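Worksheet: one structure, shown below.
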Amino acid sequence: MDYIAPPFKVSFKGILFDMDGTIIDSTAAVVKHWHTVGKEIGVDPEVILQTSHGRRSIDMLKVLSPEKANWEYVRHMEGLLPKLHGGDAVEIPGARALLDVLIAARAPWTIVTSGTEPLVNGWLDVLQLPHPEHLVTAESVANGKPDPACYELGRSKLGLGADAEVLVVEDSPAGIRAGKAAGCKVLGVVTSHTMEQVLAAEPDWVVRDLRSVAMVACGGDGGDVTLQIADALATSSGSTKGAEMKN
């Protein structure tokens with residue numbers, strides 16, 4: 001399999017983006033931060049890092065350090081990350097350009113993330129990326145990914161019903177599964193996990209990063225957002241992972 005599928009178009013009523021691994025890459029910062037936090041709470045940082053990506057910190061702490069599994073601690077701990085390691089995060093290629101075009105066209109979009117509000121807004125500020133009008137964070141739902149509640153809430157915040165065609169853009173297997181369980185189409189990006197790990201979560205399409213995604217039409221308020229996806233993953237026979245969706 002290779003990223004050689006010819007361009008195709010898909011249309012949606014709204015787009016829900018994961019944050020880390022989809023819009024930004026804060027891997028270097030997260031590694032440094034969890035090493036510091038792990039030593040502070042007496043948990044091997046490598047154990048934390050093996051399961052941290054795509055999951056809420058509070059869910060990990062419930063297992064690894066229950067006395068720290070409260071929102072006051074988690075919000076404070078995560079809020080320090082952009083402040084202490086802001087220079088270690090970068091944009092995912094193509095993310096800023098895509099968001100800028102969506103905003104200019106008034107296309108419905110938001111961020112649905114396993115991070116807390118201080119973490120998300122901290123990174124958006126540091127990298128000078130746009131803030132969505134409606135944000136879904138770790139504090140917004142009772143259960144984190146792969147539970148679909150976060151993406152169901154994100155769809156609702158865009159004013160869309162359960163029957164609306166919505167695209168989730170995700171990098172983590174837990175997030176991909178959450179999007180699929182919420183009844184959304186899912187575009188997987190291979191940034192933080194291997195191709196095999198992403199495919200195992202069964203997204204509808206797979207690309208390297210957001211340079212493969214371009215908005216080609218938008219109906220404005222309430223209209224369809226049409227994306228062109230290029231260089232998607234294709235099987236050895238040349239077919240695209242997933243099929244073009246026609247509306």
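In the structure tokens, each chain is lettered A, B, ... as it comes, each chain's residues begin at 1, and ligands are numbered from 1 in order of appearance.
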
For the interface of region 77-125 of chain A with region 23-46 of chain A (cut-off 6 Å, counting only C-alpha atoms), please tabulate each contacting residue of region 77-125 of chain A alongside its nearest pair of atoms and their separation in Å to one decimal, rows sorted by chain and increasing number, as a tab-separated table.
```
residue	atom	partner	partner_atom	distance
A:His85	CA	A:Ala29	CA	5.4
A:Asp88	CA	A:Ala29	CA	5.2
A:Ala89	CA	A:Ser26	CA	4.3
A:Val90	CA	A:Asp25	CA	5.3
A:Glu91	CA	A:Ile24	CA	4.3
A:Ile92	CA	A:Ile24	CA	4.9
A:Ala95	CA	A:Ile23	CA	5.3
```

Selection above as a file: N, CA, C and O atoms, as a PDB file, in the first residue's frame:
```
ATOM      1  N   HIS A  85       7.330  24.319  27.646  1.00  0.00           N
ATOM      2  CA  HIS A  85       7.916  23.641  26.482  1.00  0.00           C
ATOM      3  C   HIS A  85       7.313  24.143  25.169  1.00  0.00           C
ATOM      4  O   HIS A  85       7.243  23.382  24.194  1.00  0.00           O
ATOM      5  N   ASP A  88       8.863  23.474  21.727  1.00  0.00           N
ATOM      6  CA  ASP A  88       9.029  22.095  21.265  1.00  0.00           C
ATOM      7  C   ASP A  88       7.842  21.580  20.449  1.00  0.00           C
ATOM      8  O   ASP A  88       7.832  20.408  20.066  1.00  0.00           O
ATOM      9  N   ALA A  89       6.851  22.419  20.218  1.00  0.00           N
ATOM     10  CA  ALA A  89       5.684  21.994  19.433  1.00  0.00           C
ATOM     11  C   ALA A  89       5.719  22.637  18.050  1.00  0.00           C
ATOM     12  O   ALA A  89       6.204  23.762  17.887  1.00  0.00           O
ATOM     13  N   VAL A  90       5.212  21.920  17.071  1.00  0.00           N
ATOM     14  CA  VAL A  90       5.161  22.416  15.696  1.00  0.00           C
ATOM     15  C   VAL A  90       3.787  22.128  15.109  1.00  0.00           C
ATOM     16  O   VAL A  90       3.035  21.315  15.638  1.00  0.00           O
ATOM     17  N   GLU A  91       3.479  22.807  14.024  1.00  0.00           N
ATOM     18  CA  GLU A  91       2.223  22.547  13.325  1.00  0.00           C
ATOM     19  C   GLU A  91       2.329  21.268  12.502  1.00  0.00           C
ATOM     20  O   GLU A  91       3.385  20.948  11.975  1.00  0.00           O
ATOM     21  N   ILE A  92       1.226  20.554  12.400  1.00  0.00           N
ATOM     22  CA  ILE A  92       1.137  19.456  11.439  1.00  0.00           C
ATOM     23  C   ILE A  92       1.072  20.087  10.047  1.00  0.00           C
ATOM     24  O   ILE A  92       0.293  21.031   9.820  1.00  0.00           O
ATOM     25  N   ALA A  95      -2.074  22.040   8.288  1.00  0.00           N
ATOM     26  CA  ALA A  95      -3.160  22.333   9.228  1.00  0.00           C
ATOM     27  C   ALA A  95      -3.567  23.800   9.187  1.00  0.00           C
ATOM     28  O   ALA A  95      -4.752  24.129   9.080  1.00  0.00           O
TER      29      ALA A  95
END
```

Extract, using only C-alpha atoms, all DNA, RNA and protein residues at most 6 Å from Leu233 (chain A), discarding same-chain residues fewer than 4 positions from it, and format them as a ChimeraX atom specification.
/A:2-3,206-207,241

Kindly save the residues from that selection, with C-alpha atoms included, as a PDB file, in the first residue's frame.
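Output below, filename part05.pdb:
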```pdb
ATOM      1  CA  ASP A   2       1.144   3.531  -0.741  1.00  0.00           C
ATOM      2  CA  TYR A   3      -0.170   7.114  -0.761  1.00  0.00           C
ATOM      3  CA  VAL A 206      -5.928   7.611   5.388  1.00  0.00           C
ATOM      4  CA  VAL A 207      -3.424  10.333   4.450  1.00  0.00           C
ATOM      5  CA  LYS A 241      -8.906   3.085   1.443  1.00  0.00           C
TER       6      LYS A 241
END
```

Using backbone DSSP assignments, extract all strand (DSSP E or B) residues from region 76-157 of chain A; output them as an MDAnalysis selection string.
chainID A and resid 90:91 109:112 135:136

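Atom pair CA of Tyr151 (chain A) / CA of Pro6 (chain A): separated by 28.9 Å.
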
Can you tell me, as an mmCIF file with C-alpha atoms, in the first residue's frame, what residues are no more than 8 Å from region 155-158 of chain A when counting only C-alpha atoms, ignoring any on the same chain fewer than 6 positions away?
```
data_model
loop_
_atom_site.group_PDB
_atom_site.id
_atom_site.type_symbol
_atom_site.label_atom_id
_atom_site.label_comp_id
_atom_site.auth_asym_id
_atom_site.auth_seq_id
_atom_site.Cartn_x
_atom_site.Cartn_y
_atom_site.Cartn_z
ATOM 1 C CA GLY A 14 -19.139 20.038 9.501
ATOM 2 C CA LEU A 16 -14.314 17.912 13.838
ATOM 3 C CA PRO A 108 -18.556 24.719 10.527
ATOM 4 C CA TRP A 109 -15.572 23.244 12.363
ATOM 5 C CA THR A 110 -14.247 22.776 15.855
ATOM 6 C CA HIS A 134 -16.972 25.843 20.069
ATOM 7 C CA VAL A 166 -19.710 14.948 9.667
#
```

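If only C-alpha atoms are the atoms counted, then among A:Ser52, A:Thr116, A:Ser65, A:Asn70 the closest residue to Pro82 (chain A) is A:Thr116.
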